[in-house]
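Enquirer: You'll find target.cif just under this line, and it carries mmCIF, C-alpha atoms.
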data_start
#
loop_
_atom_site.label_atom_id
_atom_site.label_comp_id
_atom_site.auth_asym_id
_atom_site.auth_seq_id
_atom_site.Cartn_x
_atom_site.Cartn_y
_atom_site.Cartn_z
CA MET A 263 -35.89 125.76 -10.52
CA GLN A 264 -36.75 122.94 -12.91
CA LYS A 265 -36.64 119.41 -11.51
CA LYS A 266 -33.78 118.37 -13.80
CA HIS A 267 -31.71 121.36 -12.66
CA LEU A 268 -32.52 120.69 -9.01
CA VAL A 269 -31.34 117.10 -9.48
CA LEU A 270 -28.18 118.40 -11.14
CA ALA A 271 -27.56 120.81 -8.24
CA ILE A 272 -27.96 118.04 -5.67
CA LEU A 273 -25.68 115.75 -7.68
CA VAL A 274 -22.98 118.43 -8.02
CA THR A 275 -23.00 119.26 -4.31
CA ALA A 276 -23.00 115.56 -3.46
CA VAL A 277 -19.94 114.98 -5.65
CA TRP A 278 -18.13 117.94 -4.09
CA GLY A 279 -18.97 116.70 -0.60
CA VAL A 280 -17.97 113.09 -1.30
CA ASN A 281 -14.75 114.37 -2.89
CA PHE A 282 -13.31 115.16 0.55
CA PRO A 283 -13.26 111.58 1.93
CA VAL A 284 -12.36 110.24 -1.53
CA THR A 285 -9.36 112.58 -1.53
CA LYS A 286 -8.42 111.16 1.87
CA LEU A 287 -8.26 107.70 0.25
CA GLY A 288 -5.69 108.99 -2.23
CA LEU A 289 -3.70 110.72 0.51
CA ALA A 290 -3.24 107.38 2.25
CA GLY A 291 -0.70 106.48 -0.40
CA ILE A 292 0.54 109.64 -2.14
CA ASP A 293 2.19 112.80 -0.82
CA PRO A 294 -0.45 115.59 -0.54
CA LEU A 295 1.35 118.08 -2.79
CA LEU A 296 2.18 115.44 -5.39
CA LEU A 297 -1.43 114.18 -5.37
CA THR A 298 -2.61 117.74 -6.02
CA ALA A 299 -0.09 118.11 -8.85
CA LEU A 300 -1.33 114.89 -10.47
CA ARG A 301 -4.95 116.00 -10.13
CA PHE A 302 -4.38 119.24 -12.02
CA ALA A 303 -2.07 117.69 -14.58
CA LEU A 304 -4.83 115.22 -15.47
CA ALA A 305 -7.44 117.99 -15.39
CA ALA A 306 -5.43 119.90 -18.02
CA LEU A 307 -4.00 117.14 -20.20
CA PRO A 308 -4.88 116.15 -22.83
CA TRP A 309 -8.00 118.34 -22.66
CA VAL A 310 -6.26 121.62 -23.54
CA PHE A 311 -5.71 120.19 -27.03
CA PHE A 312 -9.47 119.76 -27.54
CA VAL A 313 -11.01 122.61 -25.51
CA LYS A 314 -10.65 126.10 -26.96
CA ARG A 315 -8.87 128.58 -24.72
CA PRO A 316 -11.37 130.90 -23.00
CA GLN A 317 -11.46 134.54 -24.07
CA VAL A 318 -9.74 136.01 -21.02
CA ALA A 319 -6.34 137.56 -20.40
CA PHE A 320 -3.48 135.16 -19.80
CA ARG A 321 -2.83 136.67 -16.36
CA TRP A 322 -6.28 135.61 -15.13
CA LEU A 323 -5.68 132.01 -16.19
CA ALA A 324 -2.32 131.95 -14.43
CA ALA A 325 -3.58 133.68 -11.29
CA TYR A 326 -6.62 131.44 -10.95
CA GLY A 327 -4.63 128.28 -11.65
CA LEU A 328 -2.04 129.07 -9.00
CA ILE A 329 -4.62 130.13 -6.43
CA PHE A 330 -7.02 127.28 -7.16
CA GLY A 331 -4.35 124.59 -7.33
CA VAL A 332 -1.51 125.72 -5.07
CA ALA A 333 -3.16 128.04 -2.55
CA MET A 334 -6.48 126.20 -2.26
CA TRP A 335 -6.37 122.48 -2.97
CA ALA A 336 -2.77 121.91 -1.93
CA LEU A 337 -3.61 123.47 1.44
CA ILE A 338 -6.79 121.39 1.78
CA ASN A 339 -4.96 118.17 0.97
CA GLN A 340 -2.09 118.97 3.31
CA GLY A 341 -4.56 119.88 6.05
CA ILE A 342 -6.42 116.58 5.66
CA ALA A 343 -3.10 114.73 5.64
CA TRP A 344 -2.23 116.46 8.94
CA GLY A 345 -5.34 115.16 10.63
CA VAL A 346 -8.29 117.38 9.72
CA PRO A 347 -11.34 115.11 9.20
CA PRO A 348 -12.56 115.41 5.59
CA GLY A 349 -16.07 116.24 6.78
CA THR A 350 -14.77 119.12 8.87
CA ALA A 351 -12.69 120.33 5.92
CA SER A 352 -15.79 120.36 3.70
CA LEU A 353 -17.48 122.56 6.29
CA LEU A 354 -14.64 125.00 6.88
CA ILE A 355 -14.08 125.63 3.18
CA GLN A 356 -17.61 127.12 2.98
CA CYS A 357 -16.38 130.02 5.12
CA SER A 358 -14.91 131.42 1.90
CA ALA A 359 -18.22 133.29 1.58
CA PHE A 360 -17.35 135.43 4.59
CA PHE A 361 -13.85 136.12 3.30
CA THR A 362 -15.43 137.27 0.03
CA LEU A 363 -17.63 139.64 2.02
CA GLY A 364 -14.46 140.96 3.65
CA TRP A 365 -12.88 141.76 0.28
CA GLY A 366 -15.96 143.83 -0.54
CA VAL A 367 -15.63 145.82 2.67
CA ILE A 368 -11.86 146.35 2.44
CA PHE A 369 -11.43 147.12 -1.24
CA PHE A 370 -14.83 148.27 -2.48
CA GLY A 371 -16.39 150.08 0.47
CA GLU A 372 -19.28 147.63 0.86
CA ARG A 373 -21.44 147.82 3.96
CA LEU A 374 -22.51 144.64 5.71
CA GLY A 375 -26.08 143.97 6.78
CA ARG A 376 -26.95 142.80 10.26
CA LEU A 377 -27.35 139.17 9.24
CA GLN A 378 -24.01 139.25 7.46
CA VAL A 379 -22.28 140.65 10.54
CA LEU A 380 -24.01 138.12 12.80
CA GLY A 381 -23.12 135.29 10.44
CA ALA A 382 -19.47 136.37 10.31
CA VAL A 383 -19.27 136.61 14.12
CA LEU A 384 -20.85 133.18 14.58
CA ALA A 385 -18.58 131.68 11.92
CA ALA A 386 -15.50 133.14 13.64
CA ALA A 387 -16.69 131.77 17.00
CA GLY A 388 -17.33 128.34 15.47
CA LEU A 389 -13.93 128.26 13.76
CA LEU A 390 -12.20 129.28 16.99
CA GLY A 391 -14.07 126.59 18.90
CA ILE A 392 -13.10 123.90 16.37
CA VAL A 393 -9.45 124.96 16.48
CA LEU A 394 -9.26 125.13 20.30
CA SER A 395 -11.02 121.79 20.76
CA SER A 396 -8.82 120.00 18.22
CA ALA A 397 -6.32 117.49 19.52
CA GLY A 398 -2.64 118.03 18.83
CA ASP A 399 -0.54 120.71 17.18
CA ALA A 400 -0.53 118.93 13.81
CA SER A 401 -4.33 118.91 13.67
CA ARG A 402 -4.46 122.60 14.56
CA ALA A 403 -1.90 123.39 11.88
CA GLY A 404 -4.04 121.41 9.44
CA LEU A 405 -7.12 123.42 10.42
CA ALA A 406 -5.16 126.63 9.82
CA LEU A 407 -4.28 125.38 6.32
CA VAL A 408 -7.92 124.55 5.51
CA ILE A 409 -9.06 127.97 6.73
CA GLY A 410 -6.31 129.49 4.57
CA SER A 411 -7.64 127.50 1.62
CA ALA A 412 -11.09 129.02 2.21
CA MET A 413 -9.52 132.45 1.92
CA ALA A 414 -7.78 131.37 -1.29
CA TRP A 415 -11.10 130.15 -2.71
CA SER A 416 -12.61 133.57 -2.03
CA VAL A 417 -9.79 135.17 -4.02
CA GLY A 418 -10.39 132.67 -6.82
CA ASN A 419 -14.09 133.60 -6.88
CA VAL A 420 -13.12 137.25 -7.25
CA ILE A 421 -10.80 136.43 -10.15
CA ILE A 422 -13.57 134.55 -11.98
CA LYS A 423 -15.93 137.49 -11.61
CA VAL A 424 -13.43 140.24 -12.42
CA SER A 425 -12.09 138.38 -15.46
CA LYS A 426 -15.67 138.23 -16.83
CA VAL A 427 -15.08 134.68 -18.07
CA ARG A 428 -18.07 132.91 -19.56
CA GLU A 429 -16.52 129.56 -20.51
CA ILE A 430 -15.99 128.24 -16.97
CA PHE A 431 -15.20 124.66 -18.03
CA ALA A 432 -12.53 125.84 -20.49
CA PHE A 433 -11.27 128.29 -17.88
CA VAL A 434 -10.76 125.50 -15.33
CA VAL A 435 -9.10 123.21 -17.90
CA TRP A 436 -6.63 125.84 -19.08
CA ALA A 437 -5.97 127.20 -15.60
CA SER A 438 -5.11 123.66 -14.51
CA LEU A 439 -1.93 123.90 -16.60
CA PHE A 440 -0.30 126.16 -14.02
CA PRO A 441 -0.36 124.29 -10.64
CA PRO A 442 1.49 121.01 -11.47
CA ILE A 443 5.05 122.35 -11.94
CA PRO A 444 5.09 124.58 -8.81
CA LEU A 445 3.55 121.76 -6.77
CA MET A 446 6.13 119.25 -8.01
CA LEU A 447 8.93 121.70 -7.22
CA LEU A 448 7.53 122.19 -3.70
CA THR A 449 7.32 118.44 -3.25
CA TRP A 450 10.97 118.08 -4.29
CA LEU A 451 12.13 120.94 -2.05
CA LEU A 452 10.27 119.61 1.01
CA HIS A 453 10.75 115.87 0.60
CA GLY A 454 13.37 115.29 -2.06
CA SER A 455 12.97 112.52 -4.61
CA ALA A 456 11.28 110.04 -2.23
CA PRO A 457 7.64 110.85 -3.16
CA PHE A 458 8.45 110.54 -6.88
CA SER A 459 10.37 107.30 -6.44
CA ALA A 460 7.55 105.78 -4.43
CA LEU A 461 4.79 106.92 -6.80
CA PRO A 462 4.74 103.89 -9.18
CA SER A 463 4.17 101.50 -6.28
CA GLN A 464 1.48 103.78 -4.81
CA LEU A 465 -0.68 103.90 -7.94
CA ASN A 466 -2.96 101.06 -6.92
CA ALA A 467 -6.67 100.71 -7.67
CA LEU A 468 -7.69 102.86 -4.68
CA THR A 469 -5.42 105.81 -5.45
CA LEU A 470 -6.29 105.66 -9.16
CA PHE A 471 -9.98 105.75 -8.27
CA SER A 472 -9.36 108.71 -5.96
CA LEU A 473 -7.49 110.59 -8.68
CA ALA A 474 -10.11 109.83 -11.33
CA PHE A 475 -12.91 111.00 -9.04
CA GLN A 476 -11.07 114.24 -8.21
CA VAL A 477 -10.36 115.01 -11.88
CA TYR A 478 -13.43 113.91 -13.79
CA ALA A 479 -16.20 114.07 -11.19
CA ALA A 480 -15.17 116.85 -8.79
CA THR A 481 -13.41 119.08 -11.33
CA HIS A 482 -14.72 118.51 -14.86
CA PHE A 483 -18.32 117.41 -14.25
CA SER A 484 -19.07 119.48 -11.17
CA TYR A 485 -17.71 122.75 -12.52
CA TRP A 486 -19.61 122.20 -15.75
CA GLY A 487 -22.83 121.53 -13.82
CA TRP A 488 -22.40 124.46 -11.46
CA ASN A 489 -21.68 126.81 -14.36
CA LEU A 490 -24.82 125.60 -16.14
CA LEU A 491 -26.90 126.41 -13.06
CA LEU A 492 -25.31 129.85 -12.73
CA ARG A 493 -26.10 130.52 -16.38
CA GLU A 494 -29.75 129.51 -16.03
CA TYR A 495 -30.57 131.06 -12.65
CA PRO A 496 -29.59 134.07 -10.52
CA VAL A 497 -26.55 133.57 -8.30
CA SER A 498 -28.70 134.27 -5.25
CA ARG A 499 -30.79 131.16 -6.03
CA VAL A 500 -27.89 128.87 -6.85
CA ALA A 501 -25.28 129.80 -4.24
CA PRO A 502 -27.28 128.74 -1.15
CA LEU A 503 -27.35 125.19 -2.54
CA SER A 504 -23.64 124.96 -1.67
CA LEU A 505 -24.82 124.50 1.93
CA LEU A 506 -25.41 120.87 0.96
CA ILE A 507 -21.67 120.33 0.41
CA PRO A 508 -20.64 120.08 4.09
CA LEU A 509 -23.65 117.87 4.83
CA PHE A 510 -22.62 115.43 2.10
CA GLY A 511 -19.01 115.80 3.24
CA LEU A 512 -19.76 115.01 6.88
CA PHE A 513 -22.02 112.04 6.22
CA SER A 514 -19.90 110.55 3.41
CA SER A 515 -16.84 110.76 5.69
CA MET A 516 -18.77 108.72 8.25
CA ALA A 517 -19.87 106.19 5.62
CA ILE A 518 -16.62 105.86 3.65
CA LEU A 519 -13.96 106.39 6.30
CA GLY A 520 -15.84 105.73 9.53
CA GLN A 521 -14.71 109.16 10.76
CA TYR A 522 -17.21 110.75 13.11
CA PRO A 523 -16.82 114.24 14.58
CA ARG A 524 -16.13 114.15 18.28
CA HIS A 525 -19.00 115.03 20.57
CA ALA A 526 -17.15 118.20 21.58
CA ASP A 527 -17.00 119.31 17.92
CA TRP A 528 -20.70 119.06 17.11
CA PRO A 529 -21.78 122.35 18.79
CA TRP A 530 -19.08 124.25 16.89
CA ILE A 531 -19.95 122.50 13.61
CA LEU A 532 -23.61 123.40 14.06
CA LEU A 533 -22.63 126.99 14.89
CA VAL A 534 -20.68 127.30 11.63
CA LEU A 535 -23.60 125.78 9.69
CA VAL A 536 -25.98 128.33 11.24
CA ALA A 537 -23.54 131.11 10.32
CA ILE A 538 -23.40 129.93 6.71
CA VAL A 539 -27.21 129.75 6.54
CA LEU A 540 -27.46 133.34 7.81
CA GLY A 541 -25.03 134.52 5.15
CA ALA A 542 -26.55 132.44 2.36
CA GLY A 543 -29.09 135.07 1.38
CA HIS A 544 -26.32 137.62 0.80
CA LEU A 545 -23.99 135.63 -1.45
CA GLN A 546 -24.78 137.74 -4.49
CA PHE A 547 -22.35 140.44 -3.41
CA GLY A 548 -23.02 143.90 -4.78
CA TRP A 549 -19.41 144.65 -5.70
CA LEU A 550 -19.11 141.38 -7.64
CA ARG A 551 -22.40 142.05 -9.41
CA ARG A 552 -21.26 145.50 -10.52
CA ARG A 553 -18.10 143.98 -11.97
CA VAL A 554 -19.92 141.59 -14.28
CA VAL A 555 -22.92 143.65 -15.39
#
Show the structure stored in the file as structure tokens.

Expert:
Amino acid sequence: MQKKHLVLAILVTAVWGVNFPVTKLGLAGIDPLLLTALRFALAALPWVFFVKRPQVAFRWLAAYGLIFGVAMWALINQGIAWGVPPGTASLLIQCSAFFTLGWGVIFFGERLGRLQVLGAVLAAAGLLGIVLSSAGDASRAGLALVIGSAMAWSVGNVIIKVSKVREIFAFVVWASLFPPIPLMLLTWLLHGSAPFSALPSQLNALTLFSLAFQVYAATHFSYWGWNLLLREYPVSRVAPLSLLIPLFGLFSSMAILGQYPRHADWPWILLVLVAIVLGAGHLQFGWLRRRVV
């Protein structure tokens, strides 16, 4: 990999990792579902008027937008709001790789290698340990939401591959049109008009910075950069670099928020990291590759 592309990869993973504590800053003032709705509204508008619609079926745009925005990021934000440390969330979301492996086994008859099976078992043990050692029902519910978001991300990855989209940046921009209205309706149903009434007073410098970072750095820039890397290099060389995301997430959470994992959590965190490393060499799944060739 060329030096400039390696620097780009490190920068993209750093932005994605830092995005977790930065999102926490925005959640301090804005309802999680409403914050997610604002993120995707700004990711779509006004850009859809300048970015040509990608050449994919409308159903793929809608499905990805709803999964990416409602089933993935809304769950992550709600989980963090319920007490999941952002660094831990950045780690758990990487388990989407194992869910993607599961889709291959269930729907496409894939067989798992020994390292894949070992990695999945270790990941499950690590996730169980993190959940059981967490303090309070709210935190455990938040962990369940983040794990659910990892599953949603795996479904989103499948949609991107099956749709055969090539214009990933345009795909993300146009798909971002779909989450805001459902998320605003959910916010209204769960909390009434209070989050909307309070929003003007909550849009201070910190929350505006958080929103801008989520939209322009974590969504627009990072997806463009990641797509560029995927276009230039095999998936099997690019995908393992995502292992840097939880490292940046954990350490940036310590630096920005002063949130350190408890001593009891470290063994389980390390176990999940080992599991992800074991599975990293198998992220170019055969059934996904056959779909796009």

Enquirer: Using only C-alpha atoms, which of A:Phe431, A:Tyr495, A:Ala299, A:Leu380 sits nearest A:Met263?

Expert: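 Closest candidate: A:Tyr495.
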
Enquirer: Identify, on the basis of only C-alpha atoms, every residue whose closest approach to A:Phe475 does not exceed 9 Å; exclude the query and any residue fewer than 4 positions from it along the same chain; express the result as a list in words.

Expert: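 Answer for this query is Val277, Asn281, Val284, Thr285, Leu470, Phe471, Ala479, Ala480 and Thr481 of chain A.
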
Enquirer: If we count all atoms listed in the file, what is near stretch 449-466 of chain A at a cut-off of 7 Å, once residues fewer than 6 positions away on the same chain are taken out, given as a list in words?

Expert: Gly291, Ile292, Asp293, Leu295 and Leu296 of chain A

Enquirer: Take the residues that were just selected and, keeping C-alpha atoms, output them as a CSV table (one decimal), keeping the file's coordinate frame.

Expert:
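Output file out-v5.csv is given in full below:
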chain,number,residue,atom,x,y,z
A,291,GLY,CA,-0.7,106.5,-0.4
A,292,ILE,CA,0.5,109.6,-2.1
A,293,ASP,CA,2.2,112.8,-0.8
A,295,LEU,CA,1.4,118.1,-2.8
A,296,LEU,CA,2.2,115.4,-5.4

Enquirer: Counting all atoms listed in the file, which residues have an atom no more than 9 Å from (-8.4, 133.9, -19.6) in the file's coordinates? Please list them as number ranges by chain.

Expert: A: 315-324, 425-427, 433, 436-437

Enquirer: To one decimal place, how far is atom CA of A:Val310 from atom CA of A:Val434 in Å?

Expert: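 Computing it gives 10.1 Å between the two atoms.
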
Enquirer: Find, counting only C-alpha atoms, the residue in A:Ser438, A:Gln340, A:Thr469, A:Gln264 that gets nearest to A:Ile409.

Expert: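 Residue with the minimum atom-to-atom distance to A:Ile409: A:Gln340.
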
Enquirer: Restricting the calculation to all atoms listed in the file: of A:Leu533, A:Leu512, A:Leu490, A:Leu439, which residue gets closest to A:Phe311?

Expert: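 Closest to A:Phe311, using all atoms listed in the file: A:Leu439.
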
Enquirer: Taking the point (-13.0, 124.7, 1.9) as given in the file, collect each protein or nucleic acid residue that comes within 8 Å of it, counting all atoms listed in the file, and present the set as a count of residues only.

Expert: 15

Enquirer: What do you get, as a count of residues only, if you spell out every residue that the PyMOL selection byres ((chain A and resi 509) around 10) selects here?

Expert: 20

Enquirer: Please measure the separation of atom CA of A:His482 and atom CA of A:Phe361, giving the value in Å to one decimal.

Expert: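 Computed distance, atom CA of A:His482 to atom CA of A:Phe361, equals 25.3 Å.
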